[in-house]
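Asker: The structure's right below; bear with me while I get my questions together.
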Amino acid sequence: MKKVEAIVRPSKVKLIQAGLKKANIPCFTVIPVKGSGLQKSYSEKYRGTELSMVLQTRVMIICVISDENLDKCVDVILENASDGQVGDGKIFIYDVQDAIRISTKVRGGAAIK
Ligand SMILES: Nc1ncnc2c1ncn2[C@@H]1O[C@H](COP(=O)(O)OP(=O)(O)OP(=O)(O)O)[C@@H](O)[C@H]1O
Ligand SMILES: [Mg+2]
């Protein structure tokens, strides 16, 4: 199992959601986040606050999926998350040790099917 964490523009969430549904990846979590990427934006002062310290508003989409669904999941995000500009976001991929569906107590791959 893999965990895909995508940090994307809030305006792209609906498109990604529709794409995941179409790709038969129905389970995911969405969290509003704030953060900062690699490239520096402004460094001027605005009313005493350094603008490079302003955090970007983004949304984190978390999908835990089978290994076989990984490429599909990443493709859906890449196809739907981009404005083709800096600030489009990032995708992080992790190994997942286990999953448990609380209602049935089923563990492992079967818990996310
Ligand atoms: N290495 C990282 N670790 C954790 N969060 C990150 C990392 N890089 C980016 N983020 C998150 O993703 C958001 C969007 O980042 P952003 O797309 O601006 O990345 P970037 O590194 O500046 O690349 P780009 O040149 O495409 O803008 C950031 O505001 C931050 O929340
Ligand atoms: Mg950036």
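Scheme for the structure tokens: letters A, B, ... for chains in order shown; per-chain residue numbers from 1; ligand numbers from 1 in order shown.
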Write as a ChimeraX atom specification the residues around ligand 2, taking 6 Å as the cut-off and counting only C-alpha atoms and all ligand atoms.
Answerer: /A:37-39,86-87
Asker: Could you save those same residues with N, CA, C and O atoms as a JSON list (two decimals), in the first residue's frame?
Answerer:
[["chain", "number", "residue", "atom", "x", "y", "z"],
["A", 37, "GLY", "N", 6.86, 27.09, -0.44],
["A", 37, "GLY", "CA", 7.63, 26.21, -1.32],
["A", 37, "GLY", "C", 9.07, 26.68, -1.46],
["A", 37, "GLY", "O", 9.56, 27.47, -0.66],
["A", 38, "LEU", "N", 9.72, 26.18, -2.50],
["A", 38, "LEU", "CA", 11.13, 26.48, -2.71],
["A", 38, "LEU", "C", 11.38, 27.91, -3.13],
["A", 38, "LEU", "O", 12.28, 28.58, -2.64],
["A", 39, "GLN", "N", 10.57, 28.36, -4.13],
["A", 39, "GLN", "CA", 10.96, 29.60, -4.77],
["A", 39, "GLN", "C", 10.47, 30.78, -3.95],
["A", 39, "GLN", "O", 9.40, 30.76, -3.38],
["A", 86, "VAL", "N", 4.52, 28.18, -11.48],
["A", 86, "VAL", "CA", 5.07, 27.94, -10.15],
["A", 86, "VAL", "C", 3.93, 28.03, -9.15],
["A", 86, "VAL", "O", 2.94, 28.72, -9.36],
["A", 87, "GLY", "N", 4.07, 27.26, -8.07],
["A", 87, "GLY", "CA", 3.02, 27.26, -7.06],
["A", 87, "GLY", "C", 1.95, 26.20, -7.30],
["A", 87, "GLY", "O", 0.96, 26.14, -6.57]]
Asker: Just want the residues within 10 Å of ligand 1, written as a PyMOL selection string, counting only C-alpha atoms and all ligand atoms.
Answerer: chain A and resi 5-9+32-41+54-60+82+84-92
Asker: Store the residues of this selection in a file with N, CA and C atoms, as a CSV table (one decimal), in the first residue's frame.
Answerer:
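As a result, part.csv now contains:
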chain,number,residue,atom,x,y,z
A,5,GLU,N,0.3,12.0,-0.9
A,5,GLU,CA,0.0,13.3,-0.3
A,5,GLU,C,0.2,14.3,-1.3
A,6,ALA,N,-0.8,15.0,-1.8
A,6,ALA,CA,-0.7,16.0,-2.8
A,6,ALA,C,-1.1,17.3,-2.2
A,7,ILE,N,-0.2,18.3,-2.3
A,7,ILE,CA,-0.5,19.7,-1.9
A,7,ILE,C,-0.8,20.5,-3.1
A,8,VAL,N,-2.1,20.9,-3.2
A,8,VAL,CA,-2.5,21.5,-4.5
A,8,VAL,C,-3.3,22.8,-4.3
A,9,ARG,N,-3.5,23.5,-5.4
A,9,ARG,CA,-4.3,24.8,-5.3
A,9,ARG,C,-5.8,24.4,-4.9
A,32,PRO,N,-7.3,21.4,4.6
A,32,PRO,CA,-6.8,22.8,4.3
A,32,PRO,C,-5.5,23.0,5.0
A,33,VAL,N,-4.5,23.5,4.2
A,33,VAL,CA,-3.1,23.7,4.8
A,33,VAL,C,-2.6,25.0,4.4
A,34,LYS,N,-1.5,25.4,5.0
A,34,LYS,CA,-0.8,26.6,4.6
A,34,LYS,C,0.7,26.3,4.6
A,35,GLY,N,1.4,26.8,3.7
A,35,GLY,CA,2.8,26.5,3.6
A,35,GLY,C,3.6,27.4,2.7
A,36,SER,N,4.8,26.9,2.4
A,36,SER,CA,5.8,27.7,1.7
A,36,SER,C,6.6,26.7,0.8
A,37,GLY,N,6.9,27.1,-0.4
A,37,GLY,CA,7.6,26.2,-1.3
A,37,GLY,C,9.1,26.7,-1.5
A,38,LEU,N,9.7,26.2,-2.5
A,38,LEU,CA,11.1,26.5,-2.7
A,38,LEU,C,11.4,27.9,-3.1
A,39,GLN,N,10.6,28.4,-4.1
A,39,GLN,CA,11.0,29.6,-4.8
A,39,GLN,C,10.5,30.8,-4.0
A,40,LYS,N,11.3,31.8,-3.9
A,40,LYS,CA,11.0,33.0,-3.1
A,40,LYS,C,10.0,33.9,-3.9
A,41,SER,N,9.0,34.4,-3.2
A,41,SER,CA,8.2,35.3,-4.0
A,41,SER,C,8.6,36.8,-3.8
A,54,VAL,N,4.6,35.4,4.1
A,54,VAL,CA,3.1,35.1,4.0
A,54,VAL,C,3.0,33.7,3.5
A,55,LEU,N,2.2,32.9,4.2
A,55,LEU,CA,2.1,31.5,3.8
A,55,LEU,C,1.0,31.3,2.7
A,56,GLN,N,1.3,30.4,1.8
A,56,GLN,CA,0.3,30.1,0.7
A,56,GLN,C,-0.8,29.2,1.2
A,57,THR,N,-2.0,29.5,0.8
A,57,THR,CA,-3.2,28.6,1.1
A,57,THR,C,-3.3,27.5,0.1
A,58,ARG,N,-3.2,26.3,0.6
A,58,ARG,CA,-3.3,25.1,-0.3
A,58,ARG,C,-4.2,24.1,0.4
A,59,VAL,N,-4.4,23.0,-0.4
A,59,VAL,CA,-5.2,21.9,0.2
A,59,VAL,C,-4.4,20.6,0.0
A,60,MET,N,-4.3,19.8,1.1
A,60,MET,CA,-3.6,18.6,1.0
A,60,MET,C,-4.7,17.4,0.8
A,82,SER,N,-2.6,21.2,-12.3
A,82,SER,CA,-1.7,22.2,-12.8
A,82,SER,C,-2.3,23.4,-13.5
A,84,GLY,N,0.2,25.1,-14.8
A,84,GLY,CA,1.4,25.2,-15.6
A,84,GLY,C,2.3,26.3,-15.1
A,85,GLN,N,2.1,26.7,-13.8
A,85,GLN,CA,2.9,27.8,-13.2
A,85,GLN,C,3.6,27.4,-11.9
A,86,VAL,N,4.5,28.2,-11.5
A,86,VAL,CA,5.1,27.9,-10.2
A,86,VAL,C,3.9,28.0,-9.1
A,87,GLY,N,4.1,27.3,-8.1
A,87,GLY,CA,3.0,27.3,-7.1
A,87,GLY,C,1.9,26.2,-7.3
A,88,ASP,N,2.1,25.4,-8.3
A,88,ASP,CA,1.2,24.3,-8.6
A,88,ASP,C,1.1,23.3,-7.5
A,89,GLY,N,2.2,23.1,-6.7
A,89,GLY,CA,2.1,22.2,-5.6
A,89,GLY,C,3.1,21.0,-5.8
A,90,LYS,N,3.0,20.1,-4.9
A,90,LYS,CA,3.9,18.9,-4.8
A,90,LYS,C,3.2,17.7,-4.5
A,91,ILE,N,3.7,16.5,-4.9
A,91,ILE,CA,3.2,15.2,-4.5
A,91,ILE,C,4.3,14.4,-3.8
A,92,PHE,N,3.9,13.9,-2.6
A,92,PHE,CA,4.8,13.0,-1.9
A,92,PHE,C,4.2,11.6,-1.8
Asker: Hey, what does DSSP flag as alpha helix (DSSP H) within chain A? Can you give it to me as a list in words?
Answerer: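 The alpha helix (DSSP H) subset of chain A is Val13, Lys14, Leu15, Ile16, Gln17, Ala18, Gly19, Leu20, Lys21, Lys22, Leu70, Asp71, Lys72, Cys73, Val74, Asp75, Val76, Ile77, Leu78, Glu79 and Asn80 of chain A.
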Asker: Would you write out those residues with C-alpha atoms, as a CSV table (one decimal), in the first residue's frame?
Answerer:
chain,number,residue,atom,x,y,z
A,13,VAL,CA,-9.7,20.0,-5.6
A,14,LYS,CA,-13.1,19.4,-7.4
A,15,LEU,CA,-11.3,18.5,-10.7
A,16,ILE,CA,-9.0,16.1,-8.8
A,17,GLN,CA,-12.0,14.6,-6.9
A,18,ALA,CA,-13.9,13.9,-10.1
A,19,GLY,CA,-10.8,12.4,-11.7
A,20,LEU,CA,-10.1,10.1,-8.8
A,21,LYS,CA,-13.8,9.0,-8.8
A,22,LYS,CA,-13.6,8.2,-12.5
A,70,LEU,CA,-0.3,4.3,-7.5
A,71,ASP,CA,0.5,5.4,-11.1
A,72,LYS,CA,-3.2,6.0,-11.8
A,73,CYS,CA,-3.6,8.1,-8.7
A,74,VAL,CA,-0.5,10.2,-9.5
A,75,ASP,CA,-1.5,10.7,-13.1
A,76,VAL,CA,-5.0,11.9,-12.1
A,77,ILE,CA,-3.4,14.5,-9.8
A,78,LEU,CA,-0.8,15.6,-12.4
A,79,GLU,CA,-3.5,15.9,-15.1
A,80,ASN,CA,-5.8,18.0,-12.9
Asker: When distances are computed from only C-alpha atoms, which of A:Ile112, A:Val30, A:Ala23, A:Met1 shows the smallest separation from Glu68 (chain A)?
Answerer: A:Met1
Asker: Given only C-alpha atoms as the basis, pick out the residue of A:Lys3, A:Pro10, A:Asp83, A:Ile31 nearest to Ala99 (chain A).
Answerer: A:Lys3
